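All remarks here apply to the structure that follows.
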Amino acid sequence: MTKTNAGHFFEDYQVGMEIVHATPRTVTAGDRALYGSLYPNRFALHSSNLFAQACGLPESPMDDLLSFHVVFGKTVPDISLNAVANLGYAEGRFLRPVYAGETLRSVSQVIGLKENSNGKTGIVWVRTTGLDGQGDPVLEYCRWVMVRKRDTGAAAPETVVPELAAKVEARDLKVPEGLNFSNYDKDLAGSTHMWEDYAPGEVIDHVDGVTLEEAEHMMATRLWQNTAKVHFDATLREDGKRLIYGGHIISLARALSFNGLGNAQMIAGINAGAHANPAHSGMTVFAWSEILAAEETSRPDVGALRVRMVASSERGMAGKLRDDSGRYLPSVLLDLDLWLLVPRST
Amino acid sequence: MTKTNAGHFFEDYQVGMEIVHATPRTVTAGDRALYGSLYPNRFALHSSNLFAQACGLPESPMDDLLSFHVVFGKTVPDISLNAVANLGYAEGRFLRPVYAGETLRSVSQVIGLKENSNGKTGIVWVRTTGLDGQGDPVLEYCRWVMVRKRDTGAAAPETVVPELAAKVEARDLKVPEGLNFSNYDKDLAGSTHMWEDYAPGEVIDHVDGVTLEEAEHMMATRLWQNTAKVHFDATLREDGKRLIYGGHIISLARALSFNGLGNAQMIAGINAGAHANPAHSGMTVFAWSEILAAEETSRPDVGALRVRMVASSERGMAGKLRDDSGRYLPSVLLDLDLWLLVPRST
Amino acid sequence: MTKTNAGHFFEDYQVGMEIVHATPRTVTAGDRALYGSLYPNRFALHSSNLFAQACGLPESPMDDLLSFHVVFGKTVPDISLNAVANLGYAEGRFLRPVYAGETLRSVSQVIGLKENSNGKTGIVWVRTTGLDGQGDPVLEYCRWVMVRKRDTGAAAPETVVPELAAKVEARDLKVPEGLNFSNYDKDLAGSTHMWEDYAPGEVIDHVDGVTLEEAEHMMATRLWQNTAKVHFDATLREDGKRLIYGGHIISLARALSFNGLGNAQMIAGINAGAHANPAHSGMTVFAWSEILAAEETSRPDVGALRVRMVASSERGMAGKLRDDSGRYLPSVLLDLDLWLLVPRST
């Protein structure tokens, strides 16, 4: 009997099933440094302990996406090892910042199942929660993936399609305890544009591009212990190019978005997301954003911006997302709908 | 007179000579993070402080091979700068785990010399010890290398071939002080297979592959301050591909072996090892293991497995090691004989 | 109105202008480890806490160039985003070592302006200071860059060419407080050559070469949050090769210089510097040094060597810098004039 993990297949899931994912991970200053070497990150809150302390936090937290990737990575051996496609995200919330020295682990609950009409694959919906060392949640999100069946003759499960919110309500966003932007230093932050300066409908071209390298995306993907073979084994594709973990593109787009959204210091929610087209080494990634909404939060000095953040493999595509038939343009790599926390002018 | 280090040549060594190697190195959380970004490592003991504490250790130790590479790297300028080949390992023991903040250094003793019949090279045997800040040993191993003579006319030294044990006896393995697997959490570890589940003769294909990149092996090799030119200077070979440090392949195979040996949390000994063929960027590395023996240790909850761990540049070669004439197959990169510590079912 | 940073143009600067640069940065053990993985660094003072403590320091400091790059990187969005060329350095001094956990930021003062006769560009001189969390300086240097005009019709400013010293005087070098080389361990340092062993005129070929990789220079350049597009976006050049940050070559040459200058533990000053030719991935970098002067310092156990450190894209070019017409040879990548602190024999 084999001792290697073949991953779960569609018929292995039942609605309500709880999965404890393996490999708890202590995050450290080393992970922060690597994150900063892999993405052109310049948000001051995640760069400087002193800046973070001036904003009311005990020290500079881990980048929100670093925590997200660590939590996500643990789910791969149980959820997406046999996935054909990562279909979407919803109801993502960052519940509190994570600090160096904390240990994260992940649990998921299966919340939906639907076999595809071809009888070969099905869609699995899970709600994943990242837990700290005390077992308290630090972030949560739903995602759904298309998973192969082991046995195409296996009976289809009862279809359960979960009702997922189209967006996280602004009132449900967690402003980190202690966060205080009332003495915010724009010079050190590197941007003069505050929450009031952004209006729904505004489109921002983040201008800069980064050409993807095999070594970089693999180092990133290993850092969060994401084990999907396609990211590492070049022999699995005819062109010898590995498929790049979608989260690498998320982090890259977020870092590029500094140039235009430099005060959008924290991610509070993930409303929706699609990895529209695969990314490979040699591509140059650009990013643009569209402001979808601006909402108040529980604090007068902290505003929330709902932002569509798009990664593109072509320069100068700001605002261009779909073709006439509604399909994503071939250049669109990522279409992500986020809530960001931004200081308000006071 | 040149001030650069030309390395030692065969005639520079005498049996009994003690060599203090340069560049003590403080290992940190940064090294751990880099190790995790360069190898697809998922052993929970080396990933989570909380998991390590639940196993009786003060915190998550450095990966055993990280410590090995740091100790090994220091010996390169004195032992293998003029080496033609790294011939073998024996009597390797990991004496205690190393933790972030500790400073390692290395000393070696020359234990054997034998000039080759061609008069151009000779074999040097050394016993190397890694020392902590108090000068106490943390690991030790023997290796032998073929080294060029500076002057082919130099007289041959008296031949001394050390008697090296074919394997480390299980009773001589050090179980780290405090290690306690009696409350071992298999869910978090990611494997259900305990010491009792493995039997001598069993062969495990670790399935996953990783394609080698120049940037990655160079970053790893620099991390342990291994200065051998062939790993960094592409102009030294006609094909422009650097020779990859054999230890990079060791760490890669060990990380890949998680998929099938996920509870083999620690390396306790190195019985033997051969870098069977050179590795270059672009190769995809796979791994398989054969269980050679299962022995008890000083603790009832900790078993030892003797494992042949093989790295291959071809997929699906589990169990295939040598051709009819007894030579390593061209696809075999590494043949390593290890002792691993594994929790027992209780 | 765009919210992205277009950088400053020549006509945006006035002599006397003070610029507070964005993105303060806390440096950590993670940055140290990355520095060690990107450059073949073996100076014991920057490798071992115990060695540094034996030399009178509280622990191993950040590599001097790591601090330099962090300070430099912050200035890029304000000084060199529209620069055509980085023309020179002068009056650089390292005022004290920086330790893990410290937060650095940068300020610059414009000290000179001169429009070029073509009316399209001009030279901007700045004095940049790196500040710690208390606002005290840790290092300082002048550099001058050629910057494009936004509007070629804009009036030329009054020409102010600052008087910059041809070299930092040895008496103005700061020997770090507490530094004490009187019990210096040459075995652990890896070199027997002390300050007295070097004489002006001596040329040292550092022998080893490192072939440049895209992933490595980008990871380094991101680490110091240097955002210049040309280092990351391969589509900006016809040959698809990114321009490598000049500081990457500085750090590489400095690390290579260990082989011949292994006891030159600290950089105390930068007298002058030129990035003679651009560097691209695939090049193999070699280094050589010329001793320009040997001076005493405020401490009897610490000597200062003034060293010309040259990076070359060809092997074996020690001593070869310029052609008959006085131009840099095409193989010269870097010509840097440094003050180094070296233990004296006692």
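The chains in the structure tokens are called A, B, ... from first to last as shown; in each chain the residues are counted from 1, and the ligands are counted from 1 in the order shown.
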
Using only C-alpha atoms, what does the table of chain C residues within 10 Å of chain A look like, with each row giving the shortest atom pair and its distance in Å to one decimal, sorted by chain and ascending number, as JSON lines?
{"residue": "C:Met1", "atom": "CA", "partner": "A:Ile204", "partner_atom": "CA", "distance": 9.8}
{"residue": "C:Thr2", "atom": "CA", "partner": "A:Ile204", "partner_atom": "CA", "distance": 7.4}
{"residue": "C:Lys3", "atom": "CA", "partner": "A:Gly260", "partner_atom": "CA", "distance": 4.7}
{"residue": "C:Thr4", "atom": "CA", "partner": "A:Gly260", "partner_atom": "CA", "distance": 4.3}
{"residue": "C:Asn5", "atom": "CA", "partner": "A:Asn259", "partner_atom": "CA", "distance": 6.4}
{"residue": "C:Ala6", "atom": "CA", "partner": "A:Asn259", "partner_atom": "CA", "distance": 9.4}
{"residue": "C:Ile19", "atom": "CA", "partner": "A:Asp187", "partner_atom": "CA", "distance": 9.3}
{"residue": "C:Val20", "atom": "CA", "partner": "A:Asp187", "partner_atom": "CA", "distance": 6.5}
{"residue": "C:His21", "atom": "CA", "partner": "A:Leu188", "partner_atom": "CA", "distance": 6.5}
{"residue": "C:Ala22", "atom": "CA", "partner": "A:Leu188", "partner_atom": "CA", "distance": 4.1}
{"residue": "C:Thr23", "atom": "CA", "partner": "A:Ala44", "partner_atom": "CA", "distance": 5.0}
{"residue": "C:Pro24", "atom": "CA", "partner": "A:Ser48", "partner_atom": "CA", "distance": 5.4}
{"residue": "C:Arg25", "atom": "CA", "partner": "A:Ser48", "partner_atom": "CA", "distance": 4.6}
{"residue": "C:Thr26", "atom": "CA", "partner": "A:Ser48", "partner_atom": "CA", "distance": 4.8}
{"residue": "C:Val27", "atom": "CA", "partner": "A:Ser48", "partner_atom": "CA", "distance": 8.4}
{"residue": "C:Thr28", "atom": "CA", "partner": "A:Ala29", "partner_atom": "CA", "distance": 6.5}
{"residue": "C:Ala29", "atom": "CA", "partner": "A:Gly30", "partner_atom": "CA", "distance": 6.7}
{"residue": "C:Gly30", "atom": "CA", "partner": "A:Gly30", "partner_atom": "CA", "distance": 3.8}
{"residue": "C:Asp31", "atom": "CA", "partner": "A:Ala33", "partner_atom": "CA", "distance": 5.5}
{"residue": "C:Arg32", "atom": "CA", "partner": "A:Ala33", "partner_atom": "CA", "distance": 9.0}
{"residue": "C:Ala33", "atom": "CA", "partner": "A:Gly30", "partner_atom": "CA", "distance": 7.7}
{"residue": "C:Leu34", "atom": "CA", "partner": "A:Leu34", "partner_atom": "CA", "distance": 7.4}
{"residue": "C:Lys74", "atom": "CA", "partner": "A:Arg42", "partner_atom": "CA", "distance": 9.8}
{"residue": "C:Pro77", "atom": "CA", "partner": "A:Gly190", "partner_atom": "CA", "distance": 9.2}
{"residue": "C:Asp78", "atom": "CA", "partner": "A:Gly190", "partner_atom": "CA", "distance": 9.9}
{"residue": "C:Gly101", "atom": "CA", "partner": "A:Asn49", "partner_atom": "CA", "distance": 8.4}
{"residue": "C:Glu102", "atom": "CA", "partner": "A:Asn49", "partner_atom": "CA", "distance": 8.6}
{"residue": "C:Thr103", "atom": "CA", "partner": "A:Ser48", "partner_atom": "CA", "distance": 6.3}
{"residue": "C:Leu104", "atom": "CA", "partner": "A:Ser48", "partner_atom": "CA", "distance": 8.3}
{"residue": "C:Arg105", "atom": "CA", "partner": "A:Leu188", "partner_atom": "CA", "distance": 8.4}
{"residue": "C:Ser106", "atom": "CA", "partner": "A:Leu188", "partner_atom": "CA", "distance": 9.5}
{"residue": "C:Gly133", "atom": "CA", "partner": "A:Leu50", "partner_atom": "CA", "distance": 7.3}
{"residue": "C:Glu213", "atom": "CA", "partner": "A:Ala215", "partner_atom": "CA", "distance": 9.9}
{"residue": "C:Glu214", "atom": "CA", "partner": "A:Glu213", "partner_atom": "CA", "distance": 7.5}
{"residue": "C:Ala215", "atom": "CA", "partner": "A:Glu216", "partner_atom": "CA", "distance": 6.2}
{"residue": "C:Glu216", "atom": "CA", "partner": "A:Glu216", "partner_atom": "CA", "distance": 8.7}
{"residue": "C:His217", "atom": "CA", "partner": "A:Ser37", "partner_atom": "CA", "distance": 9.9}
{"residue": "C:Met218", "atom": "CA", "partner": "A:Ser37", "partner_atom": "CA", "distance": 7.7}
{"residue": "C:Met219", "atom": "CA", "partner": "A:Ser37", "partner_atom": "CA", "distance": 4.5}
{"residue": "C:Ala220", "atom": "CA", "partner": "A:Ser37", "partner_atom": "CA", "distance": 6.4}
{"residue": "C:Thr221", "atom": "CA", "partner": "A:Ser37", "partner_atom": "CA", "distance": 7.6}
{"residue": "C:Arg222", "atom": "CA", "partner": "A:Ser37", "partner_atom": "CA", "distance": 5.0}
{"residue": "C:Leu223", "atom": "CA", "partner": "A:Ser37", "partner_atom": "CA", "distance": 4.5}
{"residue": "C:Trp224", "atom": "CA", "partner": "A:Ser37", "partner_atom": "CA", "distance": 8.2}
{"residue": "C:Gln225", "atom": "CA", "partner": "A:Pro40", "partner_atom": "CA", "distance": 6.5}
{"residue": "C:Asn226", "atom": "CA", "partner": "A:Pro40", "partner_atom": "CA", "distance": 8.3}
{"residue": "C:Thr227", "atom": "CA", "partner": "A:Pro40", "partner_atom": "CA", "distance": 7.3}
{"residue": "C:Ala228", "atom": "CA", "partner": "A:Asp208", "partner_atom": "CA", "distance": 9.1}
{"residue": "C:Lys229", "atom": "CA", "partner": "A:Asp208", "partner_atom": "CA", "distance": 6.4}
{"residue": "C:Val230", "atom": "CA", "partner": "A:Gly209", "partner_atom": "CA", "distance": 9.3}
{"residue": "C:His231", "atom": "CA", "partner": "A:Val210", "partner_atom": "CA", "distance": 8.8}
{"residue": "C:Phe232", "atom": "CA", "partner": "A:Val210", "partner_atom": "CA", "distance": 5.0}
{"residue": "C:Asp233", "atom": "CA", "partner": "A:Val210", "partner_atom": "CA", "distance": 4.8}
{"residue": "C:Ala234", "atom": "CA", "partner": "A:Thr211", "partner_atom": "CA", "distance": 5.9}
{"residue": "C:Thr235", "atom": "CA", "partner": "A:Thr284", "partner_atom": "CA", "distance": 7.3}
{"residue": "C:Leu236", "atom": "CA", "partner": "A:Gly209", "partner_atom": "CA", "distance": 9.4}
{"residue": "C:Gly240", "atom": "CA", "partner": "A:Gly282", "partner_atom": "CA", "distance": 9.5}
{"residue": "C:Arg242", "atom": "CA", "partner": "A:Thr211", "partner_atom": "CA", "distance": 9.2}

message: Can you pull out every residue from stretch 113-344 of chain A that DSSP, working from the backbone, puts in alpha helix (DSSP H), and format the result as a ChimeraX atom specification?
response: /A:186-189,214-223,246-256,258-261

Could you write out the selected residues, including N, CA, C and O atoms, as an mmCIF file, in the first residue's frame?
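Dumped to selection_5.cif:
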data_model
loop_
_atom_site.group_PDB
_atom_site.id
_atom_site.type_symbol
_atom_site.label_atom_id
_atom_site.label_comp_id
_atom_site.auth_asym_id
_atom_site.auth_seq_id
_atom_site.Cartn_x
_atom_site.Cartn_y
_atom_site.Cartn_z
ATOM 1 N N LYS A 186 2.348 60.985 6.233
ATOM 2 C CA LYS A 186 2.288 60.756 4.782
ATOM 3 C C LYS A 186 3.667 60.760 4.130
ATOM 4 O O LYS A 186 3.888 60.073 3.131
ATOM 5 N N ASP A 187 4.573 61.559 4.676
ATOM 6 C CA ASP A 187 5.928 61.592 4.093
ATOM 7 C C ASP A 187 6.580 60.221 4.174
ATOM 8 O O ASP A 187 7.122 59.710 3.193
ATOM 9 N N LEU A 188 6.514 59.630 5.361
ATOM 10 C CA LEU A 188 7.151 58.323 5.527
ATOM 11 C C LEU A 188 6.370 57.241 4.781
ATOM 12 O O LEU A 188 6.944 56.258 4.313
ATOM 13 N N ALA A 189 5.050 57.440 4.678
ATOM 14 C CA ALA A 189 4.250 56.446 3.954
ATOM 15 C C ALA A 189 4.510 56.513 2.450
ATOM 16 O O ALA A 189 4.363 55.516 1.739
ATOM 17 N N GLU A 214 11.283 31.821 -12.653
ATOM 18 C CA GLU A 214 10.978 30.516 -12.053
ATOM 19 C C GLU A 214 11.447 30.436 -10.597
ATOM 20 O O GLU A 214 10.713 29.981 -9.718
ATOM 21 N N ALA A 215 12.688 30.854 -10.344
ATOM 22 C CA ALA A 215 13.215 30.697 -8.980
ATOM 23 C C ALA A 215 12.370 31.477 -7.987
ATOM 24 O O ALA A 215 12.103 31.011 -6.876
ATOM 25 N N GLU A 216 11.910 32.654 -8.382
ATOM 26 C CA GLU A 216 11.182 33.488 -7.433
ATOM 27 C C GLU A 216 9.822 32.903 -7.073
ATOM 28 O O GLU A 216 9.445 32.850 -5.903
ATOM 29 N N HIS A 217 9.053 32.472 -8.071
ATOM 30 C CA HIS A 217 7.711 31.980 -7.711
ATOM 31 C C HIS A 217 7.816 30.666 -6.958
ATOM 32 O O HIS A 217 7.013 30.390 -6.055
ATOM 33 N N MET A 218 8.842 29.856 -7.266
ATOM 34 C CA MET A 218 8.989 28.609 -6.516
ATOM 35 C C MET A 218 9.385 28.881 -5.064
ATOM 36 O O MET A 218 8.873 28.242 -4.150
ATOM 37 N N MET A 219 10.296 29.822 -4.852
ATOM 38 C CA MET A 219 10.687 30.136 -3.476
ATOM 39 C C MET A 219 9.492 30.649 -2.682
ATOM 40 O O MET A 219 9.304 30.286 -1.518
ATOM 41 N N ALA A 220 8.694 31.490 -3.310
ATOM 42 C CA ALA A 220 7.501 32.000 -2.627
ATOM 43 C C ALA A 220 6.547 30.863 -2.294
ATOM 44 O O ALA A 220 6.078 30.730 -1.164
ATOM 45 N N THR A 221 6.297 30.020 -3.256
ATOM 46 C CA THR A 221 5.276 28.985 -3.083
ATOM 47 C C THR A 221 5.711 27.959 -2.041
ATOM 48 O O THR A 221 4.902 27.471 -1.254
ATOM 49 N N ARG A 222 7.022 27.658 -2.012
ATOM 50 C CA ARG A 222 7.517 26.766 -0.960
ATOM 51 C C ARG A 222 7.395 27.403 0.411
ATOM 52 O O ARG A 222 7.166 26.707 1.405
ATOM 53 N N LEU A 223 7.582 28.712 0.462
ATOM 54 C CA LEU A 223 7.558 29.389 1.764
ATOM 55 C C LEU A 223 6.237 29.130 2.473
ATOM 56 O O LEU A 223 6.195 29.023 3.691
ATOM 57 N N GLY A 246 -1.319 30.979 -8.199
ATOM 58 C CA GLY A 246 -2.108 32.206 -8.340
ATOM 59 C C GLY A 246 -1.830 33.222 -7.253
ATOM 60 O O GLY A 246 -1.890 34.437 -7.477
ATOM 61 N N GLY A 247 -1.517 32.743 -6.072
ATOM 62 C CA GLY A 247 -1.236 33.657 -4.968
ATOM 63 C C GLY A 247 0.016 34.488 -5.197
ATOM 64 O O GLY A 247 0.151 35.585 -4.638
ATOM 65 N N HIS A 248 0.946 33.972 -5.991
ATOM 66 C CA HIS A 248 2.138 34.760 -6.329
ATOM 67 C C HIS A 248 1.722 36.016 -7.105
ATOM 68 O O HIS A 248 2.260 37.103 -6.874
ATOM 69 N N ILE A 249 0.777 35.842 -7.993
ATOM 70 C CA ILE A 249 0.291 36.982 -8.780
ATOM 71 C C ILE A 249 -0.499 37.947 -7.890
ATOM 72 O O ILE A 249 -0.409 39.171 -8.046
ATOM 73 N N ILE A 250 -1.249 37.399 -6.928
ATOM 74 C CA ILE A 250 -1.967 38.276 -5.989
ATOM 75 C C ILE A 250 -0.976 39.166 -5.246
ATOM 76 O O ILE A 250 -1.144 40.383 -5.167
ATOM 77 N N SER A 251 0.069 38.571 -4.707
ATOM 78 C CA SER A 251 1.037 39.357 -3.933
ATOM 79 C C SER A 251 1.786 40.359 -4.805
ATOM 80 O O SER A 251 2.102 41.466 -4.369
ATOM 81 N N LEU A 252 2.064 39.958 -6.026
ATOM 82 C CA LEU A 252 2.763 40.859 -6.939
ATOM 83 C C LEU A 252 1.885 42.068 -7.283
ATOM 84 O O LEU A 252 2.340 43.216 -7.237
ATOM 85 N N ALA A 253 0.625 41.806 -7.594
ATOM 86 C CA ALA A 253 -0.284 42.905 -7.936
ATOM 87 C C ALA A 253 -0.469 43.839 -6.748
ATOM 88 O O ALA A 253 -0.442 45.064 -6.884
ATOM 89 N N ARG A 254 -0.618 43.259 -5.577
ATOM 90 C CA ARG A 254 -0.788 44.072 -4.366
ATOM 91 C C ARG A 254 0.441 44.959 -4.154
ATOM 92 O O ARG A 254 0.320 46.140 -3.839
ATOM 93 N N ALA A 255 1.631 44.418 -4.335
ATOM 94 C CA ALA A 255 2.849 45.210 -4.141
ATOM 95 C C ALA A 255 2.941 46.311 -5.198
ATOM 96 O O ALA A 255 3.268 47.452 -4.892
ATOM 97 N N LEU A 256 2.616 45.977 -6.447
ATOM 98 C CA LEU A 256 2.658 46.988 -7.510
ATOM 99 C C LEU A 256 1.640 48.099 -7.238
ATOM 100 O O LEU A 256 1.847 49.251 -7.621
ATOM 101 N N PHE A 258 1.037 49.683 -4.739
ATOM 102 C CA PHE A 258 1.552 50.771 -3.894
ATOM 103 C C PHE A 258 1.642 52.067 -4.689
ATOM 104 O O PHE A 258 1.353 53.141 -4.175
ATOM 105 N N ASN A 259 2.039 51.941 -5.934
ATOM 106 C CA ASN A 259 2.195 53.134 -6.773
ATOM 107 C C ASN A 259 0.823 53.620 -7.235
ATOM 108 O O ASN A 259 0.391 53.360 -8.352
ATOM 109 N N GLY A 260 0.131 54.328 -6.362
ATOM 110 C CA GLY A 260 -1.210 54.822 -6.643
ATOM 111 C C GLY A 260 -2.152 54.572 -5.477
ATOM 112 O O GLY A 260 -3.133 55.295 -5.288
ATOM 113 N N LEU A 261 -1.831 53.560 -4.682
ATOM 114 C CA LEU A 261 -2.638 53.242 -3.495
ATOM 115 C C LEU A 261 -1.710 53.079 -2.287
ATOM 116 O O LEU A 261 -1.890 52.186 -1.469
#

- request: Once DSSP has gone over the backbone, tell me which residues of stretch 56-246 of chain B are in strand (DSSP E), as a ChimeraX atom specification.
  value: /B:83-94,103-115,121-131,137-148,203-205,210-211

field: Nearest residue to A:Asn116 from the set A:Arg299, A:His69, A:Arg344, A:Lys149 (distances using only C-alpha atoms)
entry: A:Lys149

task: Quick one: pull the distance between atom CA of A:Pro300 and atom CA of A:Leu341, Å, one decimal.
output: 11.9 Å

- request: Calculate how many Å separate atom CA of B:Ser108 from atom CA of B:Gln134, rounding to one decimal.
  value: 17.1 Å

- prompt: Could you name the residues that touch B:Gly273 at 6 Å or less, counting only C-alpha atoms, but leaving out those on the same chain fewer than 5 positions away, as a PyMOL selection string?
  reply: chain B and resi 88-89+335-337

- request: Report the distance between atom CA of A:Arg306 and atom CA of A:Ala287 in Å, rounded to one decimal place.
  value: 16.0 Å

message: Applying 9 Å and only C-alpha atoms, which residues near B:Val342 remain after dropping the ones on its own chain fewer than 5 positions away? List them as a ChimeraX atom specification.
response: /B:181,194-195,261,263-266,301-305

field: Shell of 6 Å around A:Ile111, only C-alpha atoms, local chain residues under 2 positions omitted, as an MDAnalysis selection string
entry: chainID A and resid 15 125:126

task: Go through A:Arg96, A:Ala311, A:Leu139, A:Trp144 and flag the residue nearest A:Val84, using only C-alpha atoms for the distances.
output: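 Nearest candidate to A:Val84 out of A:Arg96, A:Ala311, A:Leu139, A:Trp144: A:Trp144.
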
- prompt: Quick one: of C:Val110, C:Leu66, C:Ala272, C:Met146, who's nearest to C:Ala165, counting only C-alpha atoms?
  reply: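 Smallest separation from C:Ala165 among the options: C:Ala272.
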
task: Using only C-alpha atoms, determine which residues lie at most 6 Å from C:Gln109, disregarding the query and same-chain residues fewer than 3 positions distant; provide the list as JSON, numbers by chain.
output: {"C": [17, 18, 126, 127]}
